[in-house]
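Q: Below is upload.cif; it holds mmCIF, N, CA and C atoms.
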```cif
data_entry
#
loop_
_atom_site.label_atom_id
_atom_site.label_comp_id
_atom_site.auth_asym_id
_atom_site.auth_seq_id
_atom_site.Cartn_x
_atom_site.Cartn_y
_atom_site.Cartn_z
N MET A 1 0.84 -1.18 0.00
CA MET A 1 0.00 0.00 0.00
C MET A 1 0.89 1.24 0.00
N ALA A 2 0.41 2.24 -0.72
CA ALA A 2 1.10 3.53 -0.75
C ALA A 2 0.22 4.58 -0.07
N TYR A 3 0.84 5.68 0.30
CA TYR A 3 0.14 6.76 1.00
C TYR A 3 0.33 8.06 0.24
N TRP A 4 -0.67 8.94 0.34
CA TRP A 4 -0.70 10.17 -0.45
C TRP A 4 -1.30 11.30 0.37
N LEU A 5 -1.22 12.49 -0.19
CA LEU A 5 -1.90 13.65 0.38
C LEU A 5 -2.58 14.38 -0.77
N PHE A 6 -3.88 14.61 -0.61
CA PHE A 6 -4.70 15.31 -1.60
C PHE A 6 -5.07 16.68 -1.06
N LYS A 7 -4.70 17.72 -1.79
CA LYS A 7 -5.01 19.08 -1.35
C LYS A 7 -6.24 19.60 -2.09
N SER A 8 -7.12 20.24 -1.34
CA SER A 8 -8.32 20.82 -1.95
C SER A 8 -8.65 22.14 -1.27
N GLU A 9 -9.12 23.08 -2.07
CA GLU A 9 -9.60 24.33 -1.51
C GLU A 9 -10.99 24.05 -0.94
N PRO A 10 -11.19 24.26 0.37
CA PRO A 10 -12.45 23.87 0.98
C PRO A 10 -13.67 24.59 0.41
N ASN A 11 -13.48 25.77 -0.18
CA ASN A 11 -14.64 26.44 -0.77
C ASN A 11 -14.99 25.84 -2.14
N THR A 12 -14.08 25.05 -2.72
CA THR A 12 -14.33 24.37 -3.99
C THR A 12 -14.79 22.94 -3.75
N TRP A 13 -14.05 22.19 -2.94
CA TRP A 13 -14.39 20.81 -2.58
C TRP A 13 -13.87 20.56 -1.18
N SER A 14 -14.78 20.40 -0.23
CA SER A 14 -14.41 20.27 1.18
C SER A 14 -14.50 18.82 1.64
N TRP A 15 -13.98 18.59 2.83
CA TRP A 15 -14.11 17.27 3.46
C TRP A 15 -15.58 16.90 3.58
N ASP A 16 -16.42 17.84 3.97
CA ASP A 16 -17.86 17.55 4.09
C ASP A 16 -18.44 17.13 2.74
N ASP A 17 -18.02 17.78 1.66
CA ASP A 17 -18.46 17.39 0.32
C ASP A 17 -18.05 15.95 0.03
N GLN A 18 -16.81 15.63 0.37
CA GLN A 18 -16.29 14.27 0.13
C GLN A 18 -17.10 13.25 0.92
N VAL A 19 -17.37 13.54 2.17
CA VAL A 19 -18.13 12.61 3.02
C VAL A 19 -19.52 12.38 2.44
N LYS A 20 -20.16 13.43 1.94
CA LYS A 20 -21.52 13.32 1.38
C LYS A 20 -21.58 12.39 0.18
N LYS A 21 -20.46 12.19 -0.52
CA LYS A 21 -20.45 11.30 -1.68
C LYS A 21 -20.52 9.83 -1.29
N GLY A 22 -20.26 9.53 -0.02
CA GLY A 22 -20.37 8.16 0.47
C GLY A 22 -19.50 7.18 -0.28
N ALA A 23 -20.00 5.95 -0.41
CA ALA A 23 -19.23 4.87 -1.03
C ALA A 23 -19.00 5.10 -2.52
N GLU A 24 -19.80 5.96 -3.13
CA GLU A 24 -19.63 6.29 -4.55
C GLU A 24 -18.29 7.00 -4.78
N GLY A 25 -17.85 7.76 -3.79
CA GLY A 25 -16.60 8.51 -3.91
C GLY A 25 -16.74 9.65 -4.91
N GLU A 26 -15.61 10.28 -5.19
CA GLU A 26 -15.58 11.41 -6.12
C GLU A 26 -14.27 11.39 -6.88
N GLY A 27 -14.36 11.69 -8.16
CA GLY A 27 -13.16 11.79 -8.98
C GLY A 27 -12.35 13.01 -8.58
N TRP A 28 -11.03 12.82 -8.42
CA TRP A 28 -10.14 13.92 -8.05
C TRP A 28 -9.75 14.63 -9.34
N ASP A 29 -10.69 15.42 -9.86
CA ASP A 29 -10.51 16.05 -11.17
C ASP A 29 -9.87 17.42 -11.07
N GLY A 30 -9.53 17.97 -12.22
CA GLY A 30 -9.01 19.32 -12.27
C GLY A 30 -7.51 19.45 -12.07
N VAL A 31 -6.80 18.35 -11.86
CA VAL A 31 -5.35 18.41 -11.67
C VAL A 31 -4.70 18.67 -13.03
N ARG A 32 -3.92 19.74 -13.14
CA ARG A 32 -3.29 20.11 -14.40
C ARG A 32 -1.78 20.28 -14.26
N ASN A 33 -1.20 19.50 -13.40
CA ASN A 33 0.24 19.52 -13.20
C ASN A 33 0.73 18.09 -13.49
N TYR A 34 1.76 17.97 -14.32
CA TYR A 34 2.22 16.64 -14.73
C TYR A 34 2.75 15.81 -13.58
N GLN A 35 3.46 16.43 -12.65
CA GLN A 35 3.99 15.67 -11.52
C GLN A 35 2.86 15.15 -10.64
N ALA A 36 1.87 15.99 -10.35
CA ALA A 36 0.72 15.55 -9.56
C ALA A 36 -0.05 14.47 -10.31
N SER A 37 -0.17 14.63 -11.61
CA SER A 37 -0.85 13.62 -12.44
C SER A 37 -0.10 12.29 -12.40
N ASN A 38 1.23 12.36 -12.49
CA ASN A 38 2.02 11.13 -12.41
C ASN A 38 1.87 10.46 -11.06
N ASN A 39 1.73 11.26 -9.99
CA ASN A 39 1.47 10.68 -8.67
C ASN A 39 0.17 9.89 -8.70
N MET A 40 -0.86 10.44 -9.33
CA MET A 40 -2.13 9.73 -9.40
C MET A 40 -2.02 8.47 -10.27
N LYS A 41 -1.22 8.52 -11.31
CA LYS A 41 -1.02 7.34 -12.15
C LYS A 41 -0.42 6.18 -11.36
N ALA A 42 0.35 6.50 -10.33
CA ALA A 42 1.01 5.47 -9.50
C ALA A 42 0.07 4.87 -8.45
N MET A 43 -1.09 5.45 -8.25
CA MET A 43 -2.00 5.00 -7.20
C MET A 43 -2.69 3.69 -7.57
N LYS A 44 -2.93 2.90 -6.53
CA LYS A 44 -3.63 1.62 -6.68
C LYS A 44 -4.87 1.63 -5.78
N ILE A 45 -5.84 0.83 -6.15
CA ILE A 45 -7.05 0.71 -5.32
C ILE A 45 -6.64 0.27 -3.92
N GLY A 46 -7.17 0.95 -2.93
CA GLY A 46 -6.86 0.65 -1.54
C GLY A 46 -5.81 1.56 -0.93
N ASP A 47 -5.04 2.28 -1.77
CA ASP A 47 -4.09 3.25 -1.23
C ASP A 47 -4.85 4.28 -0.39
N LEU A 48 -4.20 4.78 0.64
CA LEU A 48 -4.82 5.77 1.53
C LEU A 48 -4.19 7.14 1.33
N GLY A 49 -4.97 8.16 1.62
CA GLY A 49 -4.45 9.52 1.51
C GLY A 49 -5.03 10.43 2.57
N PHE A 50 -4.26 11.45 2.88
CA PHE A 50 -4.78 12.50 3.75
C PHE A 50 -5.56 13.48 2.89
N PHE A 51 -6.66 13.98 3.42
CA PHE A 51 -7.45 15.02 2.76
C PHE A 51 -7.06 16.33 3.45
N TYR A 52 -6.49 17.23 2.67
CA TYR A 52 -5.90 18.46 3.21
C TYR A 52 -6.67 19.67 2.69
N HIS A 53 -7.18 20.47 3.60
CA HIS A 53 -7.81 21.74 3.24
C HIS A 53 -6.71 22.79 3.06
N SER A 54 -6.60 23.31 1.85
CA SER A 54 -5.57 24.32 1.57
C SER A 54 -6.13 25.72 1.80
N VAL A 55 -5.48 26.70 1.26
CA VAL A 55 -5.82 28.12 1.32
C VAL A 55 -5.79 28.62 2.76
N ASN A 56 -6.93 28.98 3.34
CA ASN A 56 -6.94 29.58 4.68
C ASN A 56 -6.73 28.58 5.81
N GLU A 57 -7.26 27.36 5.64
CA GLU A 57 -7.17 26.39 6.74
C GLU A 57 -5.81 25.74 6.86
N LYS A 58 -5.27 25.26 5.77
CA LYS A 58 -3.96 24.60 5.72
C LYS A 58 -3.84 23.53 6.81
N GLN A 59 -4.70 22.50 6.68
CA GLN A 59 -4.67 21.43 7.67
C GLN A 59 -5.23 20.13 7.10
N ILE A 60 -4.70 19.02 7.62
CA ILE A 60 -5.21 17.69 7.29
C ILE A 60 -6.46 17.47 8.11
N VAL A 61 -7.56 17.14 7.43
CA VAL A 61 -8.83 17.00 8.13
C VAL A 61 -9.46 15.61 8.02
N GLY A 62 -8.95 14.78 7.10
CA GLY A 62 -9.56 13.47 6.95
C GLY A 62 -8.66 12.49 6.21
N ILE A 63 -9.18 11.28 6.07
CA ILE A 63 -8.48 10.20 5.37
C ILE A 63 -9.40 9.68 4.27
N VAL A 64 -8.81 9.53 3.08
CA VAL A 64 -9.55 8.99 1.93
C VAL A 64 -8.86 7.73 1.44
N LYS A 65 -9.61 6.95 0.65
CA LYS A 65 -9.09 5.72 0.07
C LYS A 65 -9.32 5.77 -1.43
N VAL A 66 -8.33 5.33 -2.21
CA VAL A 66 -8.48 5.25 -3.66
C VAL A 66 -9.40 4.07 -3.98
N ILE A 67 -10.49 4.35 -4.70
CA ILE A 67 -11.42 3.28 -5.06
C ILE A 67 -11.49 3.04 -6.57
N GLU A 68 -10.87 3.93 -7.35
CA GLU A 68 -10.77 3.72 -8.79
C GLU A 68 -9.44 4.30 -9.25
N GLU A 69 -8.68 3.49 -9.98
CA GLU A 69 -7.37 3.93 -10.45
C GLU A 69 -7.51 4.96 -11.56
N TYR A 70 -6.38 5.48 -11.98
CA TYR A 70 -6.28 6.56 -12.96
C TYR A 70 -7.14 6.30 -14.19
N HIS A 71 -7.94 7.28 -14.52
CA HIS A 71 -8.82 7.21 -15.68
C HIS A 71 -9.03 8.62 -16.22
N PRO A 72 -9.60 8.77 -17.42
CA PRO A 72 -9.74 10.11 -18.02
C PRO A 72 -10.52 11.08 -17.12
N ASP A 73 -10.06 12.32 -17.12
CA ASP A 73 -10.71 13.40 -16.38
C ASP A 73 -11.65 14.11 -17.35
N PRO A 74 -12.96 14.01 -17.14
CA PRO A 74 -13.90 14.63 -18.08
C PRO A 74 -13.85 16.16 -18.10
N THR A 75 -13.18 16.77 -17.11
CA THR A 75 -13.07 18.23 -17.12
C THR A 75 -11.90 18.72 -17.97
N ASP A 76 -11.11 17.79 -18.52
CA ASP A 76 -9.97 18.15 -19.36
C ASP A 76 -10.36 18.00 -20.83
N ALA A 77 -10.71 19.10 -21.46
CA ALA A 77 -11.17 19.08 -22.86
C ALA A 77 -10.10 18.56 -23.81
N LYS A 78 -8.82 18.74 -23.46
CA LYS A 78 -7.74 18.29 -24.34
C LYS A 78 -7.37 16.83 -24.13
N GLY A 79 -7.89 16.23 -23.07
CA GLY A 79 -7.65 14.81 -22.82
C GLY A 79 -6.23 14.45 -22.38
N ARG A 80 -5.51 15.40 -21.84
CA ARG A 80 -4.13 15.15 -21.40
C ARG A 80 -4.05 14.58 -19.98
N PHE A 81 -5.02 14.93 -19.17
CA PHE A 81 -4.93 14.58 -17.75
C PHE A 81 -6.05 13.63 -17.34
N GLY A 82 -5.75 12.87 -16.29
CA GLY A 82 -6.73 11.94 -15.75
C GLY A 82 -6.95 12.23 -14.28
N MET A 83 -7.58 11.25 -13.62
CA MET A 83 -7.89 11.40 -12.21
C MET A 83 -8.07 10.02 -11.59
N VAL A 84 -8.08 9.98 -10.28
CA VAL A 84 -8.47 8.79 -9.53
C VAL A 84 -9.77 9.13 -8.82
N THR A 85 -10.44 8.12 -8.34
CA THR A 85 -11.64 8.34 -7.54
C THR A 85 -11.33 7.95 -6.11
N VAL A 86 -11.71 8.82 -5.17
CA VAL A 86 -11.45 8.57 -3.76
C VAL A 86 -12.74 8.60 -2.96
N GLU A 87 -12.71 7.84 -1.88
CA GLU A 87 -13.85 7.74 -0.96
C GLU A 87 -13.38 8.17 0.43
N ALA A 88 -14.23 8.91 1.13
CA ALA A 88 -13.91 9.30 2.51
C ALA A 88 -13.88 8.05 3.39
N VAL A 89 -12.85 7.94 4.22
CA VAL A 89 -12.74 6.84 5.16
C VAL A 89 -13.17 7.30 6.54
N LYS A 90 -12.54 8.37 7.03
CA LYS A 90 -12.89 8.91 8.35
C LYS A 90 -12.21 10.26 8.54
N PRO A 91 -12.79 11.10 9.37
CA PRO A 91 -12.11 12.35 9.71
C PRO A 91 -10.98 12.05 10.69
N VAL A 92 -10.00 12.94 10.75
CA VAL A 92 -8.97 12.79 11.78
C VAL A 92 -9.56 13.33 13.08
N VAL A 93 -9.08 12.80 14.19
CA VAL A 93 -9.56 13.25 15.50
C VAL A 93 -9.11 14.69 15.76
N LYS A 94 -7.85 14.94 15.45
CA LYS A 94 -7.26 16.27 15.67
C LYS A 94 -6.64 16.74 14.36
N PRO A 95 -7.18 17.77 13.73
CA PRO A 95 -6.57 18.26 12.49
C PRO A 95 -5.09 18.59 12.69
N VAL A 96 -4.31 18.30 11.66
CA VAL A 96 -2.87 18.57 11.70
C VAL A 96 -2.60 19.72 10.74
N THR A 97 -2.16 20.83 11.29
CA THR A 97 -1.95 22.03 10.48
C THR A 97 -0.59 21.97 9.77
N LEU A 98 -0.45 22.81 8.76
CA LEU A 98 0.83 22.94 8.08
C LEU A 98 1.90 23.39 9.07
N ALA A 99 1.54 24.28 9.98
CA ALA A 99 2.49 24.72 11.01
C ALA A 99 2.93 23.55 11.88
N ASP A 100 2.00 22.65 12.23
CA ASP A 100 2.34 21.46 13.00
C ASP A 100 3.35 20.60 12.24
N VAL A 101 3.08 20.41 10.95
CA VAL A 101 3.96 19.60 10.10
C VAL A 101 5.34 20.21 10.03
N LYS A 102 5.41 21.51 9.80
CA LYS A 102 6.71 22.19 9.69
C LYS A 102 7.47 22.19 11.01
N ALA A 103 6.77 22.11 12.12
CA ALA A 103 7.41 22.10 13.44
C ALA A 103 7.95 20.72 13.82
N GLU A 104 7.58 19.70 13.05
CA GLU A 104 8.01 18.33 13.35
C GLU A 104 9.23 17.99 12.48
N PRO A 105 10.43 17.93 13.10
CA PRO A 105 11.65 17.70 12.33
C PRO A 105 11.63 16.42 11.48
N ARG A 106 10.92 15.40 11.95
CA ARG A 106 10.87 14.13 11.20
C ARG A 106 10.08 14.26 9.90
N LEU A 107 9.39 15.39 9.71
CA LEU A 107 8.59 15.59 8.49
C LEU A 107 9.21 16.62 7.55
N GLU A 108 10.48 16.96 7.77
CA GLU A 108 11.10 18.00 6.95
C GLU A 108 11.17 17.63 5.47
N ASP A 109 11.16 16.34 5.16
CA ASP A 109 11.21 15.91 3.76
C ASP A 109 9.84 15.63 3.16
N LEU A 110 8.79 15.86 3.92
CA LEU A 110 7.44 15.64 3.40
C LEU A 110 7.20 16.53 2.18
N ALA A 111 6.65 15.96 1.13
CA ALA A 111 6.43 16.72 -0.11
C ALA A 111 5.52 17.93 0.11
N LEU A 112 4.63 17.87 1.07
CA LEU A 112 3.78 19.02 1.38
C LEU A 112 4.62 20.24 1.73
N VAL A 113 5.76 20.01 2.36
CA VAL A 113 6.66 21.09 2.75
C VAL A 113 7.59 21.45 1.59
N ARG A 114 8.16 20.44 0.95
CA ARG A 114 9.15 20.66 -0.11
C ARG A 114 8.53 21.14 -1.43
N GLN A 115 7.35 20.63 -1.76
CA GLN A 115 6.69 20.97 -3.02
C GLN A 115 5.28 21.46 -2.73
N SER A 116 5.21 22.57 -2.08
CA SER A 116 3.95 23.06 -1.52
C SER A 116 2.89 23.39 -2.58
N ARG A 117 3.28 23.57 -3.82
CA ARG A 117 2.31 23.93 -4.86
C ARG A 117 1.60 22.72 -5.46
N LEU A 118 2.14 21.52 -5.26
CA LEU A 118 1.52 20.32 -5.84
C LEU A 118 0.25 19.95 -5.09
N SER A 119 -0.77 19.56 -5.85
CA SER A 119 -2.06 19.23 -5.24
C SER A 119 -2.17 17.77 -4.80
N VAL A 120 -1.30 16.92 -5.33
CA VAL A 120 -1.31 15.50 -4.97
C VAL A 120 0.15 15.08 -4.78
N VAL A 121 0.49 14.65 -3.56
CA VAL A 121 1.88 14.31 -3.27
C VAL A 121 1.97 12.98 -2.52
N PRO A 122 3.11 12.30 -2.68
CA PRO A 122 3.30 11.05 -1.94
C PRO A 122 3.64 11.32 -0.48
N VAL A 123 3.33 10.34 0.36
CA VAL A 123 3.65 10.36 1.78
C VAL A 123 4.28 9.01 2.09
N SER A 124 5.45 8.99 2.71
CA SER A 124 6.08 7.71 3.03
C SER A 124 5.32 7.03 4.18
N GLU A 125 5.56 5.75 4.34
CA GLU A 125 4.91 5.02 5.42
C GLU A 125 5.28 5.61 6.78
N GLU A 126 6.54 5.96 6.95
CA GLU A 126 6.99 6.56 8.21
C GLU A 126 6.31 7.92 8.44
N GLN A 127 6.24 8.75 7.40
CA GLN A 127 5.57 10.04 7.51
C GLN A 127 4.09 9.84 7.84
N TRP A 128 3.47 8.85 7.22
CA TRP A 128 2.06 8.54 7.47
C TRP A 128 1.85 8.25 8.96
N LYS A 129 2.70 7.39 9.50
CA LYS A 129 2.58 7.00 10.92
C LYS A 129 2.74 8.21 11.84
N ILE A 130 3.71 9.05 11.54
CA ILE A 130 3.95 10.25 12.36
C ILE A 130 2.73 11.17 12.34
N ILE A 131 2.19 11.41 11.15
CA ILE A 131 1.03 12.30 11.04
C ILE A 131 -0.19 11.69 11.70
N MET A 132 -0.37 10.39 11.57
CA MET A 132 -1.50 9.74 12.24
C MET A 132 -1.40 9.89 13.76
N GLU A 133 -0.18 9.80 14.29
CA GLU A 133 0.01 10.03 15.72
C GLU A 133 -0.33 11.47 16.08
N MET A 134 0.14 12.40 15.27
CA MET A 134 -0.15 13.82 15.53
C MET A 134 -1.65 14.08 15.46
N ALA A 135 -2.34 13.36 14.58
CA ALA A 135 -3.79 13.53 14.41
C ALA A 135 -4.59 12.76 15.47
N GLU A 136 -3.86 12.00 16.31
CA GLU A 136 -4.50 11.20 17.36
C GLU A 136 -5.60 10.31 16.77
N THR A 137 -5.31 9.74 15.60
CA THR A 137 -6.31 8.97 14.85
C THR A 137 -5.82 7.56 14.57
N PRO A 138 -6.44 6.56 15.18
CA PRO A 138 -6.11 5.18 14.82
C PRO A 138 -6.80 4.81 13.52
N LEU A 139 -6.19 3.91 12.77
CA LEU A 139 -6.85 3.48 11.53
C LEU A 139 -7.33 2.08 11.68
#
```
Could you write out this structure as structure tokens?

A:
Amino acid sequence: MAYWLFKSEPNTWSWDDQVKKGAEGEGWDGVRNYQASNNMKAMKIGDLGFFYHSVNEKQIVGIVKVIEEYHPDPTDAKGRFGMVTVEAVKPVVKPVTLADVKAEPRLEDLALVRQSRLSVVPVSEEQWKIIMEMAETPL
């Protein structure tokens, strides 16, 4: 299993929106960066990801699961980019802010910190465990 972080602007697509989709999940559409797209191409069904509210909140608020692998993104008229479909698994008990992440030396190499503009980034197993502890959330 691999781990990821999905960033979304809460006024565009929020954790609550994701939860409302239930088992149907939602396609992670609109990604127009090749590196983020390649990250999604690497995803497999069952991979887990953090759901991160960007912009004003800048915090991890939930956990999602990949339920459909990379497929065409219908919002891309040129057909260059695809998407995965994710389903909400559970909210985190304690949101983990970007400031919390930056204050944790063991997370200095986390892509969220190093490549802050990417909307979909990998998370190592060790980083996943650290953040889950910070979020006080058992899986």

Q: Among the residues of range 4-33 of chain A, find those DSSP assigns to strand (DSSP E) from the backbone and print them as number ranges by chain.

A: A: 4-8, 26-27

Q: Range 2-90 of chain A near range 113-126 of chain A within 6.5 Å: what's each residue's closest atom pair and its distance in Å to one decimal, counting all atoms listed in the file, ordered by chain then ascending residue number, as JSON lines?

A:
```
{"residue": "A:Ala2", "atom": "C", "partner": "A:Val123", "partner_atom": "C", "distance": 6.4}
{"residue": "A:Tyr3", "atom": "C", "partner": "A:Val123", "partner_atom": "N", "distance": 3.8}
{"residue": "A:Trp4", "atom": "CA", "partner": "A:Val123", "partner_atom": "N", "distance": 4.1}
{"residue": "A:Leu5", "atom": "N", "partner": "A:Val121", "partner_atom": "C", "distance": 4.0}
{"residue": "A:Phe6", "atom": "CA", "partner": "A:Ser119", "partner_atom": "C", "distance": 4.8}
{"residue": "A:Lys7", "atom": "N", "partner": "A:Ser119", "partner_atom": "C", "distance": 3.9}
{"residue": "A:Ser8", "atom": "N", "partner": "A:Ser119", "partner_atom": "CA", "distance": 6.5}
{"residue": "A:Gln35", "atom": "C", "partner": "A:Val120", "partner_atom": "C", "distance": 6.5}
{"residue": "A:Ala36", "atom": "CA", "partner": "A:Val120", "partner_atom": "C", "distance": 4.8}
{"residue": "A:Asn39", "atom": "CA", "partner": "A:Val120", "partner_atom": "C", "distance": 6.0}
```

Q: Check what the PyMOL selection byres ((chain A and resi 58) around 7) selects in the file above and give those residues as JSON, numbers by chain.

A: {"A": [52, 53, 54, 55, 56, 57, 59, 60, 96, 97, 98, 99]}

Q: What gap, in Å, lies between atom C of Val64 in chain A and CA of Val86 in chain A?

A: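 That distance, rounded to one decimal, is 5.9 Å.
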
Q: Fewer than 5 positions away in the same chain doesn't count, so skip those; otherwise give me all residues within 10 Å of Glu136 in chain A, counting only C-alpha atoms, as a compact mmCIF listing (two decimals) with N, CA and C atoms, in the coordinates of the input.

A:
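Contents of out_36.txt, freshly written:
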```txt
# COMPACT_ATOMS: atom_id res chain seq x y z
N VAL A 92 -10.00 12.94 10.75
CA VAL A 92 -8.97 12.79 11.78
C VAL A 92 -9.56 13.33 13.08
N VAL A 93 -9.08 12.80 14.19
CA VAL A 93 -9.56 13.25 15.50
C VAL A 93 -9.11 14.69 15.76
N LYS A 94 -7.85 14.94 15.45
CA LYS A 94 -7.26 16.27 15.67
C LYS A 94 -6.64 16.74 14.36
N PRO A 95 -7.18 17.77 13.73
CA PRO A 95 -6.57 18.26 12.49
C PRO A 95 -5.09 18.59 12.69
N VAL A 96 -4.31 18.30 11.66
CA VAL A 96 -2.87 18.57 11.70
C VAL A 96 -2.60 19.72 10.74
N ILE A 130 3.71 9.05 11.54
CA ILE A 130 3.95 10.25 12.36
C ILE A 130 2.73 11.17 12.34
N ILE A 131 2.19 11.41 11.15
CA ILE A 131 1.03 12.30 11.04
C ILE A 131 -0.19 11.69 11.70
```

Q: Can you tell me, as a ChimeraX atom specification, what residues are no more than 6 Å from range 12-26 of chain A when counting only C-alpha atoms, ignoring any on the same chain fewer than 4 positions away?

A: /A:85-88

Q: Work out how far apart CA of Gly49 in chain A and CA of Pro138 in chain A are and give it in Å to one decimal.

A: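 Interatomic distance, CA of Gly49 in chain A to CA of Pro138 in chain A: 14.1 Å.
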
Q: One decimal, Å: what's the distance from CA of Glu9 in chain A over to CA of Met83 in chain A, could you say?

A: 16.9 Å

Q: DSSP says helix (DSSP H, G or I) for which residues of range 3-131 of chain A? Put them as a PyMOL selection string?

A: chain A and resi 15-20+22-24+34-41+98-103+105-107+111-114+125-131

Q: Write out, as a short mmCIF file (atom, residue, chain, number, x, y, z; two decimals), in the coordinates of the input, the residues just selected, with N, CA and C atoms.

A:
```cif
data_model
loop_
_atom_site.label_atom_id
_atom_site.label_comp_id
_atom_site.auth_asym_id
_atom_site.auth_seq_id
_atom_site.Cartn_x
_atom_site.Cartn_y
_atom_site.Cartn_z
N TRP A 15 -13.98 18.59 2.83
CA TRP A 15 -14.11 17.27 3.46
C TRP A 15 -15.58 16.90 3.58
N ASP A 16 -16.42 17.84 3.97
CA ASP A 16 -17.86 17.55 4.09
C ASP A 16 -18.44 17.13 2.74
N ASP A 17 -18.02 17.78 1.66
CA ASP A 17 -18.46 17.39 0.32
C ASP A 17 -18.05 15.95 0.03
N GLN A 18 -16.81 15.63 0.37
CA GLN A 18 -16.29 14.27 0.13
C GLN A 18 -17.10 13.25 0.92
N VAL A 19 -17.37 13.54 2.17
CA VAL A 19 -18.13 12.61 3.02
C VAL A 19 -19.52 12.38 2.44
N LYS A 20 -20.16 13.43 1.94
CA LYS A 20 -21.52 13.32 1.38
C LYS A 20 -21.58 12.39 0.18
N GLY A 22 -20.26 9.53 -0.02
CA GLY A 22 -20.37 8.16 0.47
C GLY A 22 -19.50 7.18 -0.28
N ALA A 23 -20.00 5.95 -0.41
CA ALA A 23 -19.23 4.87 -1.03
C ALA A 23 -19.00 5.10 -2.52
N GLU A 24 -19.80 5.96 -3.13
CA GLU A 24 -19.63 6.29 -4.55
C GLU A 24 -18.29 7.00 -4.78
N TYR A 34 1.76 17.97 -14.32
CA TYR A 34 2.22 16.64 -14.73
C TYR A 34 2.75 15.81 -13.58
N GLN A 35 3.46 16.43 -12.65
CA GLN A 35 3.99 15.67 -11.52
C GLN A 35 2.86 15.15 -10.64
N ALA A 36 1.87 15.99 -10.35
CA ALA A 36 0.72 15.55 -9.56
C ALA A 36 -0.05 14.47 -10.31
N SER A 37 -0.17 14.63 -11.61
CA SER A 37 -0.85 13.62 -12.44
C SER A 37 -0.10 12.29 -12.40
N ASN A 38 1.23 12.36 -12.49
CA ASN A 38 2.02 11.13 -12.41
C ASN A 38 1.87 10.46 -11.06
N ASN A 39 1.73 11.26 -9.99
CA ASN A 39 1.47 10.68 -8.67
C ASN A 39 0.17 9.89 -8.70
N MET A 40 -0.86 10.44 -9.33
CA MET A 40 -2.13 9.73 -9.40
C MET A 40 -2.02 8.47 -10.27
N LYS A 41 -1.22 8.52 -11.31
CA LYS A 41 -1.02 7.34 -12.15
C LYS A 41 -0.42 6.18 -11.36
N LEU A 98 -0.45 22.81 8.76
CA LEU A 98 0.83 22.94 8.08
C LEU A 98 1.90 23.39 9.07
N ALA A 99 1.54 24.28 9.98
CA ALA A 99 2.49 24.72 11.01
C ALA A 99 2.93 23.55 11.88
N ASP A 100 2.00 22.65 12.23
CA ASP A 100 2.34 21.46 13.00
C ASP A 100 3.35 20.60 12.24
N VAL A 101 3.08 20.41 10.95
CA VAL A 101 3.96 19.60 10.10
C VAL A 101 5.34 20.21 10.03
N LYS A 102 5.41 21.51 9.80
CA LYS A 102 6.71 22.19 9.69
C LYS A 102 7.47 22.19 11.01
N ALA A 103 6.77 22.11 12.12
CA ALA A 103 7.41 22.10 13.44
C ALA A 103 7.95 20.72 13.82
N PRO A 105 10.43 17.93 13.10
CA PRO A 105 11.65 17.70 12.33
C PRO A 105 11.63 16.42 11.48
N ARG A 106 10.92 15.40 11.95
CA ARG A 106 10.87 14.13 11.20
C ARG A 106 10.08 14.26 9.90
N LEU A 107 9.39 15.39 9.71
CA LEU A 107 8.59 15.59 8.49
C LEU A 107 9.21 16.62 7.55
N ALA A 111 6.65 15.96 1.13
CA ALA A 111 6.43 16.72 -0.11
C ALA A 111 5.52 17.93 0.11
N LEU A 112 4.63 17.87 1.07
CA LEU A 112 3.78 19.02 1.38
C LEU A 112 4.62 20.24 1.73
N VAL A 113 5.76 20.01 2.36
CA VAL A 113 6.66 21.09 2.75
C VAL A 113 7.59 21.45 1.59
N ARG A 114 8.16 20.44 0.95
CA ARG A 114 9.15 20.66 -0.11
C ARG A 114 8.53 21.14 -1.43
N GLU A 125 5.56 5.75 4.34
CA GLU A 125 4.91 5.02 5.42
C GLU A 125 5.28 5.61 6.78
N GLU A 126 6.54 5.96 6.95
CA GLU A 126 6.99 6.56 8.21
C GLU A 126 6.31 7.92 8.44
N GLN A 127 6.24 8.75 7.40
CA GLN A 127 5.57 10.04 7.51
C GLN A 127 4.09 9.84 7.84
N TRP A 128 3.47 8.85 7.22
CA TRP A 128 2.06 8.54 7.47
C TRP A 128 1.85 8.25 8.96
N LYS A 129 2.70 7.39 9.50
CA LYS A 129 2.58 7.00 10.92
C LYS A 129 2.74 8.21 11.84
N ILE A 130 3.71 9.05 11.54
CA ILE A 130 3.95 10.25 12.36
C ILE A 130 2.73 11.17 12.34
N ILE A 131 2.19 11.41 11.15
CA ILE A 131 1.03 12.30 11.04
C ILE A 131 -0.19 11.69 11.70
#
```

Q: Return as a ChimeraX atom specification the set of residues that the PyMOL selection byres ((chain A and resi 32) around 8) yields on the displayed structure.

A: /A:29-31,33-37,80-82,119

Q: Counting only N, CA and C atoms, figure out which residue out of A:Ala111, A:Met40, A:Met1, A:Val89 gets nearest to His71 in chain A.

A: A:Met40
